[in-house]
file data-v6.cif (mmCIF, C-alpha atoms)
data_data
loop_
_atom_site.label_atom_id
_atom_site.label_comp_id
_atom_site.auth_asym_id
_atom_site.auth_seq_id
_atom_site.Cartn_x
_atom_site.Cartn_y
_atom_site.Cartn_z
CA MET A 1083 4.54 85.55 -42.32
CA LYS A 1084 7.76 85.76 -40.35
CA ASN A 1085 5.95 87.67 -37.58
CA ASP A 1086 2.98 85.33 -37.33
CA HIS A 1087 4.11 84.17 -33.91
CA HIS A 1088 3.69 87.76 -32.70
CA VAL A 1089 0.15 87.76 -34.06
CA GLY A 1090 -0.55 84.40 -32.45
CA ILE A 1091 0.70 85.54 -29.06
CA ARG A 1092 -1.39 88.72 -29.20
CA ALA A 1093 -4.54 86.80 -30.21
CA ALA A 1094 -3.99 84.08 -27.60
CA ALA A 1095 -3.42 86.62 -24.83
CA GLY A 1096 -6.48 88.59 -25.93
CA VAL A 1097 -8.75 85.60 -25.41
CA PHE A 1098 -6.93 83.91 -22.49
CA ILE A 1099 -6.84 86.86 -20.08
CA PRO A 1100 -10.58 87.67 -20.20
CA LEU A 1101 -11.66 84.01 -20.08
CA ILE A 1102 -9.41 83.03 -17.18
CA THR A 1103 -10.65 86.12 -15.34
CA LEU A 1104 -14.24 84.98 -15.82
CA VAL A 1105 -13.32 81.49 -14.62
CA VAL A 1106 -11.86 82.96 -11.42
CA LEU A 1107 -14.94 85.15 -10.94
CA GLY A 1108 -17.30 82.26 -11.62
CA ARG A 1109 -19.01 84.10 -14.50
CA LEU A 1110 -18.69 81.71 -17.39
CA ASP A 1111 -22.10 82.88 -18.59
CA LEU A 1112 -20.24 85.94 -19.92
CA ALA A 1113 -17.53 83.91 -21.66
CA ILE A 1114 -19.14 83.97 -25.10
CA PHE A 1115 -19.30 87.79 -25.07
CA ALA A 1116 -15.62 88.02 -24.13
CA SER A 1117 -14.68 85.43 -26.76
CA PHE A 1118 -16.22 87.42 -29.58
CA GLY A 1119 -14.84 90.69 -28.28
CA ALA A 1120 -11.40 89.10 -28.51
CA PHE A 1121 -11.79 88.79 -32.30
CA THR A 1122 -10.77 92.45 -32.38
CA GLY A 1123 -7.17 91.37 -31.97
CA ILE A 1124 -6.96 89.39 -35.21
CA TYR A 1125 -7.36 92.43 -37.46
CA ALA A 1126 -4.42 94.32 -39.00
CA ARG A 1127 -2.04 91.45 -38.30
CA ASN A 1128 1.27 92.95 -39.41
CA GLU A 1129 0.37 96.60 -39.98
CA PRO A 1130 2.19 99.59 -38.42
CA HIS A 1131 0.84 100.67 -35.05
CA ARG A 1132 -1.10 103.64 -36.41
CA VAL A 1133 -2.91 101.48 -38.98
CA ARG A 1134 -3.44 98.66 -36.49
CA LEU A 1135 -4.94 100.95 -33.86
CA VAL A 1136 -7.39 102.47 -36.34
CA ALA A 1137 -8.34 99.14 -37.89
CA GLN A 1138 -8.79 97.36 -34.56
CA SER A 1139 -10.79 100.29 -33.15
CA ARG A 1140 -13.16 100.06 -36.09
CA ALA A 1141 -13.31 96.27 -35.85
CA GLY A 1142 -14.03 96.46 -32.13
CA VAL A 1143 -16.84 98.99 -32.54
CA LEU A 1144 -18.43 96.90 -35.28
CA MET A 1145 -18.18 93.72 -33.21
CA LEU A 1146 -19.74 95.45 -30.20
CA ALA A 1147 -22.61 96.64 -32.41
CA VAL A 1148 -23.17 93.07 -33.65
CA ILE A 1149 -23.05 91.67 -30.10
CA LEU A 1150 -25.52 94.31 -28.90
CA ALA A 1151 -27.89 93.63 -31.80
CA ALA A 1152 -27.70 89.89 -31.15
CA THR A 1153 -28.45 90.03 -27.45
CA ILE A 1154 -31.28 92.54 -27.91
CA SER A 1155 -32.77 90.38 -30.68
CA ALA A 1156 -32.66 87.36 -28.36
CA ARG A 1157 -34.31 89.27 -25.52
CA LEU A 1158 -37.13 90.48 -27.76
CA SER A 1159 -37.81 86.98 -29.10
CA PRO A 1160 -40.32 84.59 -27.49
CA GLY A 1161 -38.54 82.18 -25.18
CA GLY A 1162 -35.50 84.43 -24.75
CA ALA A 1163 -33.72 83.25 -27.91
CA MET A 1164 -34.27 83.66 -31.62
CA ASN A 1165 -35.90 80.74 -33.43
CA PRO A 1166 -34.00 79.07 -36.31
CA TRP A 1167 -35.74 81.07 -39.02
CA GLY A 1168 -35.22 84.30 -37.15
CA ILE A 1169 -31.52 83.47 -36.92
CA VAL A 1170 -31.40 82.85 -40.68
CA ILE A 1171 -32.98 86.23 -41.44
CA GLY A 1172 -30.98 88.21 -38.90
CA THR A 1173 -27.67 86.54 -39.70
CA THR A 1174 -28.18 87.02 -43.44
CA LEU A 1175 -28.65 90.76 -42.91
CA VAL A 1176 -25.54 90.84 -40.72
CA ALA A 1177 -23.58 88.97 -43.41
CA TRP A 1178 -24.57 91.51 -46.04
CA GLY A 1179 -24.24 94.69 -43.97
CA CYS A 1180 -20.99 93.82 -42.21
CA THR A 1181 -19.36 92.80 -45.50
CA ILE A 1182 -20.05 96.28 -46.84
CA ILE A 1183 -18.80 98.04 -43.70
CA VAL A 1184 -15.66 95.89 -43.48
CA GLY A 1185 -14.96 96.59 -47.14
CA TYR A 1186 -15.40 100.36 -46.85
CA TRP A 1187 -13.12 100.38 -43.81
CA ARG A 1188 -10.55 98.18 -45.60
CA LEU A 1189 -10.38 95.77 -42.67
CA ARG A 1190 -8.38 92.57 -43.00
CA PRO A 1191 -9.46 89.77 -42.69
CA ALA A 1192 -12.15 90.80 -45.17
CA GLY A 1193 -15.75 89.66 -45.15
CA SER A 1194 -18.23 89.11 -42.34
CA LEU A 1195 -17.43 85.57 -41.15
CA PHE A 1196 -16.73 86.57 -37.54
CA HIS A 1197 -19.79 88.80 -37.37
CA ILE A 1198 -22.03 86.02 -38.69
CA PHE A 1199 -20.67 83.69 -36.03
CA ALA A 1200 -21.02 86.24 -33.23
CA PHE A 1201 -24.56 87.33 -34.04
CA ALA A 1202 -26.00 83.86 -34.52
CA ALA A 1203 -24.23 82.24 -31.56
CA ILE A 1204 -25.29 84.96 -29.11
CA ALA A 1205 -28.83 85.29 -30.49
CA SER A 1206 -29.37 81.55 -30.02
CA ILE A 1207 -28.51 81.56 -26.28
CA PRO A 1208 -31.78 80.86 -24.41
CA HIS A 1209 -30.83 82.44 -21.09
CA GLN A 1210 -29.14 85.78 -21.62
CA PRO A 1211 -27.13 87.34 -18.78
CA PRO A 1212 -27.90 90.96 -17.76
CA LEU A 1213 -27.37 93.25 -20.74
CA GLY A 1214 -25.03 95.63 -18.90
CA GLU A 1215 -22.78 92.83 -17.69
CA ALA A 1216 -22.67 91.18 -21.12
CA MET A 1217 -21.68 94.40 -22.86
CA LEU A 1218 -19.16 95.21 -20.11
CA ALA A 1219 -17.43 91.86 -20.71
CA ALA A 1220 -17.37 92.43 -24.47
CA THR A 1221 -16.23 96.06 -24.21
CA GLY A 1222 -13.52 95.24 -21.70
CA THR A 1223 -12.18 92.51 -23.96
CA VAL A 1224 -12.16 94.87 -26.97
CA ALA A 1225 -10.26 97.48 -24.95
CA LEU A 1226 -7.76 94.84 -23.83
CA SER A 1227 -7.24 93.75 -27.44
CA LEU A 1228 -6.50 97.35 -28.44
CA LEU A 1229 -3.91 97.65 -25.67
CA ILE A 1230 -2.30 94.35 -26.62
CA GLY A 1231 -2.22 95.51 -30.24
CA ILE A 1232 0.05 98.45 -29.44
CA ALA A 1233 1.87 96.88 -26.47
CA SER A 1234 4.91 96.08 -28.59
CA ARG A 1235 5.73 99.80 -28.61
CA ILE A 1236 7.47 99.29 -25.31
CA VAL A 1237 10.23 97.51 -27.27
CA PRO A 1238 12.08 100.17 -29.36
CA ARG A 1239 12.90 97.91 -32.31
CA TYR A 1240 9.20 97.05 -32.79
CA ARG A 1241 8.03 100.63 -32.41
CA SER A 1242 6.47 102.37 -35.44
CA THR A 1243 5.29 105.93 -35.89
CA LEU A 1244 2.12 106.78 -33.98
CA THR A 1245 1.03 110.42 -34.43
CA TRP A 1246 -2.30 112.20 -34.76
CA ALA A 1247 -1.51 112.97 -38.39
CA GLY A 1248 -0.75 109.31 -39.05
CA LEU A 1249 -3.93 108.18 -37.29
CA ARG A 1250 -5.96 110.68 -39.30
CA ALA A 1251 -4.40 109.49 -42.57
CA ALA A 1252 -5.18 105.85 -41.68
CA TRP A 1253 -8.74 106.82 -40.77
CA LEU A 1254 -9.45 108.67 -44.03
CA VAL A 1255 -8.57 105.89 -46.49
CA ARG A 1256 -11.28 105.71 -49.17
CA LEU A 1257 -12.34 103.24 -51.86
CA GLY A 1258 -12.28 103.99 -55.57
CA ALA A 1259 -15.34 103.65 -57.80
CA ALA A 1260 -14.27 100.25 -59.16
CA GLU A 1261 -13.56 98.98 -55.64
CA ARG A 1262 -17.00 100.09 -54.49
CA ARG A 1263 -18.70 98.25 -57.33
CA ALA A 1264 -16.71 95.10 -56.59
CA LEU A 1265 -17.58 95.40 -52.90
CA TRP A 1266 -21.32 95.62 -53.54
CA LEU A 1267 -21.13 92.56 -55.79
CA GLU A 1268 -19.17 90.72 -53.11
CA SER A 1269 -21.75 91.64 -50.47
CA LEU A 1270 -24.45 90.17 -52.72
CA GLY A 1271 -22.52 86.89 -52.75
CA TYR A 1272 -22.44 86.88 -48.94
CA LEU A 1273 -26.16 87.59 -48.84
CA VAL A 1274 -27.03 84.73 -51.20
CA ALA A 1275 -24.61 82.23 -49.62
CA ALA A 1276 -25.72 82.93 -46.06
CA ALA A 1277 -29.44 82.90 -46.86
CA LEU A 1278 -29.27 79.73 -48.95
CA ALA A 1279 -27.05 77.81 -46.52
CA GLY A 1280 -29.14 78.86 -43.53
CA THR A 1281 -32.37 77.87 -45.25
CA ILE A 1282 -31.10 74.44 -46.30
CA ALA A 1283 -29.53 73.76 -42.90
CA THR A 1284 -32.74 74.76 -41.11
CA ILE A 1285 -34.92 72.53 -43.28
CA VAL A 1286 -32.54 69.59 -42.97
CA GLY A 1287 -32.08 70.19 -39.25
CA GLN A 1288 -35.80 70.27 -38.57
CA ALA A 1289 -36.28 67.09 -40.61
CA LEU A 1290 -33.43 65.18 -38.93
CA GLY A 1291 -33.68 66.75 -35.49
CA PHE A 1292 -30.49 68.80 -35.04
CA GLY A 1293 -29.70 72.49 -34.72
CA HIS A 1294 -26.92 75.10 -35.08
CA ASN A 1295 -27.94 76.15 -38.57
CA TYR A 1296 -25.61 79.15 -38.35
CA TRP A 1297 -22.58 76.88 -38.65
CA ALA A 1298 -23.68 76.24 -42.22
CA MET A 1299 -23.91 79.99 -42.79
CA VAL A 1300 -20.40 80.49 -41.44
CA ALA A 1301 -19.02 77.71 -43.64
CA ALA A 1302 -20.84 79.07 -46.70
CA VAL A 1303 -19.02 82.41 -46.68
CA VAL A 1304 -15.55 80.89 -46.27
CA PRO A 1305 -15.07 80.14 -50.00
CA LEU A 1306 -16.05 83.70 -50.91
CA VAL A 1307 -12.67 85.02 -49.78
CA GLY A 1308 -9.92 84.51 -52.34
CA HIS A 1309 -8.28 85.91 -55.45
CA THR A 1310 -9.22 83.14 -57.88
CA THR A 1311 -12.03 80.65 -58.30
CA ARG A 1312 -9.62 77.74 -57.72
CA HIS A 1313 -8.40 79.29 -54.47
CA ARG A 1314 -11.97 79.81 -53.27
CA VAL A 1315 -13.05 76.28 -54.07
CA ASN A 1316 -9.95 74.92 -52.31
CA ARG A 1317 -10.86 76.91 -49.21
CA GLY A 1318 -14.30 75.31 -49.16
CA LEU A 1319 -12.86 71.81 -49.46
CA GLN A 1320 -10.20 72.50 -46.85
CA ARG A 1321 -12.89 73.82 -44.53
CA VAL A 1322 -14.69 70.47 -44.60
CA LEU A 1323 -11.54 68.34 -44.29
CA GLY A 1324 -10.12 70.56 -41.55
CA THR A 1325 -13.40 70.35 -39.66
CA VAL A 1326 -13.34 66.55 -39.76
CA VAL A 1327 -9.83 66.39 -38.31
CA GLY A 1328 -10.65 69.16 -35.84
CA LEU A 1329 -13.64 67.18 -34.57
CA VAL A 1330 -11.31 64.26 -33.87
CA VAL A 1331 -9.06 66.58 -31.88
CA LEU A 1332 -12.06 67.93 -29.96
CA ALA A 1333 -13.28 64.42 -29.19
CA ALA A 1334 -9.89 63.62 -27.66
CA ILE A 1335 -10.04 66.80 -25.55
CA VAL A 1336 -13.59 66.13 -24.38
CA ALA A 1337 -12.69 62.55 -23.48
CA ILE A 1338 -10.42 63.74 -20.66
CA ARG A 1339 -13.22 65.92 -19.22
CA PRO A 1340 -11.06 69.01 -18.59
CA GLU A 1341 -11.85 71.60 -15.95
CA ALA A 1342 -12.93 75.08 -17.02
CA TRP A 1343 -9.47 76.61 -16.52
CA LEU A 1344 -7.90 73.87 -18.66
CA MET A 1345 -10.51 74.48 -21.35
CA VAL A 1346 -9.42 78.12 -21.41
CA VAL A 1347 -5.81 77.02 -21.85
CA PHE A 1348 -6.84 74.80 -24.78
CA ILE A 1349 -8.82 77.68 -26.29
CA ALA A 1350 -5.82 80.01 -26.10
CA ALA A 1351 -3.56 77.33 -27.60
CA CYS A 1352 -5.98 76.76 -30.49
CA GLN A 1353 -6.22 80.51 -31.07
CA PHE A 1354 -2.43 80.72 -31.26
CA GLY A 1355 -2.29 77.78 -33.66
CA ALA A 1356 -5.01 79.21 -35.90
CA GLU A 1357 -3.23 82.56 -36.26
CA MET A 1358 0.09 80.85 -36.92
CA LEU A 1359 -1.36 78.67 -39.68
CA ILE A 1360 -4.12 80.72 -41.29
CA ALA A 1361 -1.79 82.37 -43.83
CA ARG A 1362 0.23 79.22 -44.45
CA GLN A 1363 -2.19 76.31 -44.66
CA TYR A 1364 -5.93 76.84 -44.31
CA PHE A 1365 -6.61 73.14 -43.73
CA LEU A 1366 -4.36 73.01 -40.66
CA ALA A 1367 -5.78 76.30 -39.41
CA GLN A 1368 -9.26 74.75 -39.51
CA VAL A 1369 -7.99 71.86 -37.41
CA CYS A 1370 -7.39 74.48 -34.70
CA VAL A 1371 -10.47 76.61 -35.39
CA THR A 1372 -12.97 73.75 -35.02
CA PRO A 1373 -12.12 72.79 -31.42
CA LEU A 1374 -11.66 76.49 -30.63
CA ALA A 1375 -15.23 77.31 -31.66
CA LEU A 1376 -16.81 74.28 -30.03
CA MET A 1377 -14.88 74.56 -26.77
CA SER A 1378 -16.11 78.14 -26.48
CA THR A 1379 -19.64 76.78 -26.80
CA LEU A 1380 -19.05 73.97 -24.31
CA LEU A 1381 -17.62 76.48 -21.85
CA VAL A 1382 -20.96 78.30 -21.75
CA ALA A 1383 -23.68 75.80 -22.68
CA HIS A 1384 -24.24 72.46 -20.99
CA VAL A 1385 -24.87 70.29 -24.03
CA ASN A 1386 -23.89 66.83 -25.16
CA PRO A 1387 -20.51 67.10 -26.92
CA LEU A 1388 -21.46 64.29 -29.31
CA ASP A 1389 -24.43 66.34 -30.51
CA LEU A 1390 -22.10 69.25 -31.22
CA LEU A 1391 -19.73 67.01 -33.19
CA HIS A 1392 -22.59 65.65 -35.25
CA ASP A 1393 -24.15 69.05 -35.93
CA ARG A 1394 -20.85 70.69 -36.74
CA PHE A 1395 -19.94 68.19 -39.43
CA ILE A 1396 -23.31 68.17 -41.20
CA ASP A 1397 -23.79 71.95 -41.09
CA THR A 1398 -20.22 72.57 -42.25
CA ALA A 1399 -20.69 70.20 -45.19
CA ILE A 1400 -23.94 71.93 -46.17
CA GLY A 1401 -22.37 75.37 -45.94
CA ALA A 1402 -19.24 74.43 -47.87
CA VAL A 1403 -21.27 72.96 -50.73
CA VAL A 1404 -23.44 76.08 -50.90
CA GLY A 1405 -20.42 78.39 -50.74
CA VAL A 1406 -18.60 76.54 -53.51
CA GLY A 1407 -21.79 76.63 -55.57
CA VAL A 1408 -22.07 80.40 -55.16
CA VAL A 1409 -18.43 80.77 -56.22
CA LEU A 1410 -18.88 78.62 -59.32
CA ALA A 1411 -22.25 80.06 -60.36
CA PRO A 1412 -20.90 83.23 -62.08
CA ASP A 1413 -18.39 81.21 -64.11
CA ALA A 1414 -21.09 78.73 -65.11
CA TRP A 1415 -23.34 81.61 -66.17
CA ARG A 1416 -20.60 83.18 -68.29
CA ARG A 1417 -19.88 79.83 -69.97
CA TRP A 1418 -23.57 79.39 -70.75
CA ILE A 1419 -23.74 82.89 -72.28
CA ARG A 1420 -20.70 82.16 -74.45
CA TRP A 1421 -22.21 78.84 -75.53
CA ARG A 1422 -25.50 80.53 -76.45
CA SER A 1423 -23.60 83.18 -78.39
CA ARG A 1424 -21.73 80.55 -80.41
CA GLU A 1425 -24.95 78.63 -81.09
CA GLU A 1426 -26.66 81.79 -82.36
CA GLN A 1427 -23.75 82.58 -84.64
CA LEU A 1428 -23.80 79.03 -86.06
CA GLU A 1429 -27.56 79.23 -86.59
CA TRP A 1430 -27.15 82.56 -88.35
CA GLY A 1431 -24.52 81.04 -90.65
CA ARG A 1432 -26.73 78.02 -91.46
CA ALA A 1433 -29.72 80.27 -92.17
CA ARG A 1434 -27.72 82.51 -94.46
CA ARG A 1435 -26.42 79.55 -96.45
CA ARG A 1436 -29.99 78.33 -96.95
CA ALA A 1437 -31.19 81.71 -98.29
CA PRO A 1438 -30.59 82.06 -102.12
CA PRO A 1439 -29.35 85.32 -103.67
CA GLY A 1440 -32.06 87.86 -104.43
CA GLY A 1441 -34.29 86.96 -101.50
CA GLY A 1442 -36.07 84.03 -103.20
CA ARG A 1443 -37.29 80.91 -101.50
CA PRO A 1444 -34.46 78.65 -100.22
CA ALA A 1445 -33.77 75.31 -101.82
CA ASP A 1446 -35.41 73.47 -98.92
CA GLY A 1447 -38.72 75.27 -99.55
CA ARG A 1448 -38.60 77.40 -96.39
CA PRO A 1449 -39.52 81.10 -96.65
CA PRO A 1450 -36.53 83.45 -96.87
CA LEU A 1451 -35.19 84.90 -93.58
CA ARG A 1452 -35.50 88.61 -93.10
CA GLY A 1453 -32.70 90.82 -91.91
CA LEU A 1454 -29.85 88.66 -93.20
CA SER A 1455 -28.14 91.56 -94.90
CA ARG A 1456 -26.57 92.46 -91.56
CA ARG A 1457 -24.96 90.07 -89.13
CA PRO A 1458 -26.79 90.01 -85.82
CA ARG A 1459 -24.93 91.12 -82.76
CA ALA A 1460 -23.88 88.20 -80.55
CA ARG A 1461 -25.18 88.48 -77.03
CA GLY A 1462 -22.86 87.92 -74.14
CA ARG A 1463 -19.74 89.13 -75.95
CA GLY A 1464 -17.00 90.15 -73.59
CA SER A 1465 -18.59 88.43 -70.64
#

call {"tool": "encode", "arguments": {"input": "data-v6.cif", "output": "structure tokens"}}
result
Amino acid sequence: MKNDHHVGIRAAAGVFIPLITLVVLGRLDLAIFASFGAFTGIYARNEPHRVRLVAQSRAGVLMLAVILAATISARLSPGGAMNPWGIVIGTTLVAWGCTIIVGYWRLRPAGSLFHIFAFAAIASIPHQPPLGEAMLAATGTVALSLLIGIASRIVPRYRSTLTWAGLRAAWLVRLGAAERRALWLESLGYLVAAALAGTIATIVGQALGFGHNYWAMVAAVVPLVGHTTRHRVNRGLQRVLGTVVGLVVLAAIVAIRPEAWLMVVFIAACQFGAEMLIARQYFLAQVCVTPLALMSTLLVAHVNPLDLLHDRFIDTAIGAVVGVGVVLAPDAWRRWIRWRSREEQLEWGRARRRAPPGGGRPADGRPPLRGLSRRPRARGRGS
């Protein structure tokens, strides 16, 4: 974590340079594509240059594929944007597929949180810019992130080995059989969490009259990353609390009605803060992430900021509850199996005590139980 300020500077530069360029050019309609392309720079935080270049290249290609799929899906939908249920279906598939790809490529951060966010946010834009220009903005930002990722090579003391053999070795890293099984199980968790959170958020949103159901899907997959159940549940709780404080920060920013260029400065500052804090304190990182995400939306879409604050809180709460539920469900299932196993063993013991020697009728008049000569195997053992 001692080099987190390097990571923060790289990530902040990767989002600031493209966005300020679009402000100067008057093309803020392309800002959302550049913003998601800049996510390339957050992968392989403190890895050697050869590993970082390979990982960020893969992350950039995957993000471009998600952006392309999102904008094509929006263009093919009636009205120029996907409807809420279409977003739930499409984003759920992205959550599942990208989790598998990210896992096979050993990318860090793991999971498909950024891909969920990118697909749903872009697919929900009603007026898409020209496809070529949108992809040019995203591709240019990805290329810039790759250059920033290896820019520290100009300083000899930060330079690490970068050879074709090293790049090939980093590219050919493979998963073991146990890792593959764990990855497929993890992808199932992402599938269930995203689908369930999106469905609940859509139903609640249509009943109460608010949108942005994909924020619930993003929040639902946050608790799925972690080494222990306690860590995962804490992430879900910190996501909600950090969002609440982050909304207060955003309200203060919106109150001063900043110009577009100042919004870009705030976005870069929040990106720096998020990368500095994400490995130290997830709650504080979320305080930076919340205004970062919403300012990116306000930069592109002309919507009421109060509506965004309202939607963000409710959808985040829905998603966090669903995500924590998905995390706790396997443990609850294992406890239930163990409880059933103990109950069956106790019942077997009671039945055997009732049965008299020689197979006669028990003292309580019940017919003798068959098969008591051998103890039945307890189900759920070892679970």

call {"tool": "axis_aligned_box", "arguments": {"input": "data-v6.cif", "around": "range 1117-1129 of chain A", "padding_each_side": "5 Å", "output": "AutoDock Vina command-line options"}}
result
--center_x -7.5 --center_y 91.0 --center_z -33.4 --size_x 27.5 --size_y 21.2 --size_z 23.2

call {"tool": "resolve_selection", "arguments": {"input": "data-v6.cif", "expression": "the PyMOL selection byres ((chain A and resi 1168) around 12)", "output": "PyMOL selection string"}}
result
chain A and resi 1152+1155-1156+1158-1160+1163-1167+1169-1175+1201-1202+1205-1206+1277+1280-1281+1284+1295-1296

call {"tool": "resolve_selection", "arguments": {"input": "data-v6.cif", "expression": "the PyMOL selection byres ((chain A and resi 1099) around 10)", "output": "MDAnalysis selection string"}}
result
chainID A and resid 1094:1098 1100:1104 1116 1120 1223 1226 1346 1350

call {"tool": "write_last_selection", "arguments": {"input": "data-v6.cif", "atoms": "C-alpha atoms", "output": "PDB file, in the coordinates of the input"}}
result
ATOM      1  CA  ALA A1094      -3.990  84.080 -27.600  1.00  0.00           C
ATOM      2  CA  ALA A1095      -3.420  86.620 -24.830  1.00  0.00           C
ATOM      3  CA  GLY A1096      -6.480  88.590 -25.930  1.00  0.00           C
ATOM      4  CA  VAL A1097      -8.750  85.600 -25.410  1.00  0.00           C
ATOM      5  CA  PHE A1098      -6.930  83.910 -22.490  1.00  0.00           C
ATOM      6  CA  PRO A1100     -10.580  87.670 -20.200  1.00  0.00           C
ATOM      7  CA  LEU A1101     -11.660  84.010 -20.080  1.00  0.00           C
ATOM      8  CA  ILE A1102      -9.410  83.030 -17.180  1.00  0.00           C
ATOM      9  CA  THR A1103     -10.650  86.120 -15.340  1.00  0.00           C
ATOM     10  CA  LEU A1104     -14.240  84.980 -15.820  1.00  0.00           C
ATOM     11  CA  ALA A1116     -15.620  88.020 -24.130  1.00  0.00           C
ATOM     12  CA  ALA A1120     -11.400  89.100 -28.510  1.00  0.00           C
ATOM     13  CA  THR A1223     -12.180  92.510 -23.960  1.00  0.00           C
ATOM     14  CA  LEU A1226      -7.760  94.840 -23.830  1.00  0.00           C
ATOM     15  CA  VAL A1346      -9.420  78.120 -21.410  1.00  0.00           C
ATOM     16  CA  ALA A1350      -5.820  80.010 -26.100  1.00  0.00           C
TER      17      ALA A1350
END

call {"tool": "resolve_selection", "arguments": {"input": "data-v6.cif", "expression": "the PyMOL selection byres ((chain A and resi 1343) around 9)", "output": "short mmCIF file (atom, residue, chain, number, x, y, z; two decimals) with C-alpha atoms, keeping the file's coordinate frame"}}
result
data_model
loop_
_atom_site.label_atom_id
_atom_site.label_comp_id
_atom_site.auth_asym_id
_atom_site.auth_seq_id
_atom_site.Cartn_x
_atom_site.Cartn_y
_atom_site.Cartn_z
CA LEU A 1101 -11.66 84.01 -20.08
CA ILE A 1102 -9.41 83.03 -17.18
CA VAL A 1105 -13.32 81.49 -14.62
CA VAL A 1106 -11.86 82.96 -11.42
CA PRO A 1340 -11.06 69.01 -18.59
CA GLU A 1341 -11.85 71.60 -15.95
CA ALA A 1342 -12.93 75.08 -17.02
CA LEU A 1344 -7.90 73.87 -18.66
CA MET A 1345 -10.51 74.48 -21.35
CA VAL A 1346 -9.42 78.12 -21.41
CA VAL A 1347 -5.81 77.02 -21.85
CA PHE A 1348 -6.84 74.80 -24.78
#

call {"tool": "atom_distance", "arguments": {"input": "data-v6.cif", "atom1": "CA of Gly1407 in chain A", "atom2": "CA of Ile1282 in chain A"}}
result
13.3 Å

call {"tool": "atom_distance", "arguments": {"input": "data-v6.cif", "atom1": "CA of Gly1185 in chain A", "atom2": "CA of Leu1267 in chain A"}}
result
11.4 Å

call {"tool": "residues_around", "arguments": {"input": "data-v6.cif", "residues": "range 1208-1219 of chain A", "least_positions_apart": "5", "cutoff": "9 Å", "atoms": "only C-alpha atoms", "output": "PyMOL selection string"}}
result
chain A and resi 1100+1111-1116+1119+1146+1149-1150+1153-1154+1156-1157+1161-1164+1224

call {"tool": "residues_near_point", "arguments": {"input": "data-v6.cif", "point": "(-19.5, 73.4, -28.0)", "cutoff": "12 Å", "atoms": "all atoms listed in the file", "output": "VMD selection string"}}
result
chain A and resid 1114 1203 1294 1297 1329 1332 to 1333 1335 to 1336 1345 1349 1372 to 1394

call {"tool": "atom_distance", "arguments": {"input": "data-v6.cif", "atom1": "CA of Ser1269 in chain A", "atom2": "CA of Leu1195 in chain A"}}
result
11.9 Å

call {"tool": "closest_residue", "arguments": {"input": "data-v6.cif", "among": "A:Glu1429, A:Arg1317, A:Ala1399, A:Arg1140", "to": "Ala1225 in chain A", "atoms": "all atoms listed in the file"}}
result
A:Arg1140

call {"tool": "residues_around", "arguments": {"input": "data-v6.cif", "residues": "Val1404 in chain A", "least_positions_apart": "4", "cutoff": "10 Å", "atoms": "all atoms listed in the file", "output": "number ranges by chain"}}
result
A: 1274-1280, 1282, 1298-1299, 1301-1303, 1305, 1318, 1398-1400, 1408-1410

call {"tool": "closest_residue", "arguments": {"input": "data-v6.cif", "among": "A:Ser1227, A:Ser1139, A:Gln1320, A:Ser1194", "to": "Val1403 in chain A", "atoms": "all atoms listed in the file"}}
result
A:Gln1320

call {"tool": "closest_residue", "arguments": {"input": "data-v6.cif", "among": "A:Leu1257, A:Ala1367, A:His1131, A:Ala1351", "to": "Ile1236 in chain A", "atoms": "all atoms listed in the file"}}
result
A:His1131

call {"tool": "closest_residue", "arguments": {"input": "data-v6.cif", "among": "A:Ala1177, A:Leu1366, A:Ile1091, A:Ala1252", "to": "Ile1198 in chain A", "atoms": "only C-alpha atoms"}}
result
A:Ala1177

call {"tool": "closest_residue", "arguments": {"input": "data-v6.cif", "among": "A:Val1315, A:Ile1419, A:Val1331, A:Val1184", "to": "Cys1370 in chain A", "atoms": "only C-alpha atoms"}}
result
A:Val1331

call {"tool": "closest_residue", "arguments": {"input": "data-v6.cif", "among": "A:Cys1180, A:Ala1334, A:Val1136, A:Val1307", "to": "Leu1244 in chain A", "atoms": "all atoms listed in the file"}}
result
A:Val1136
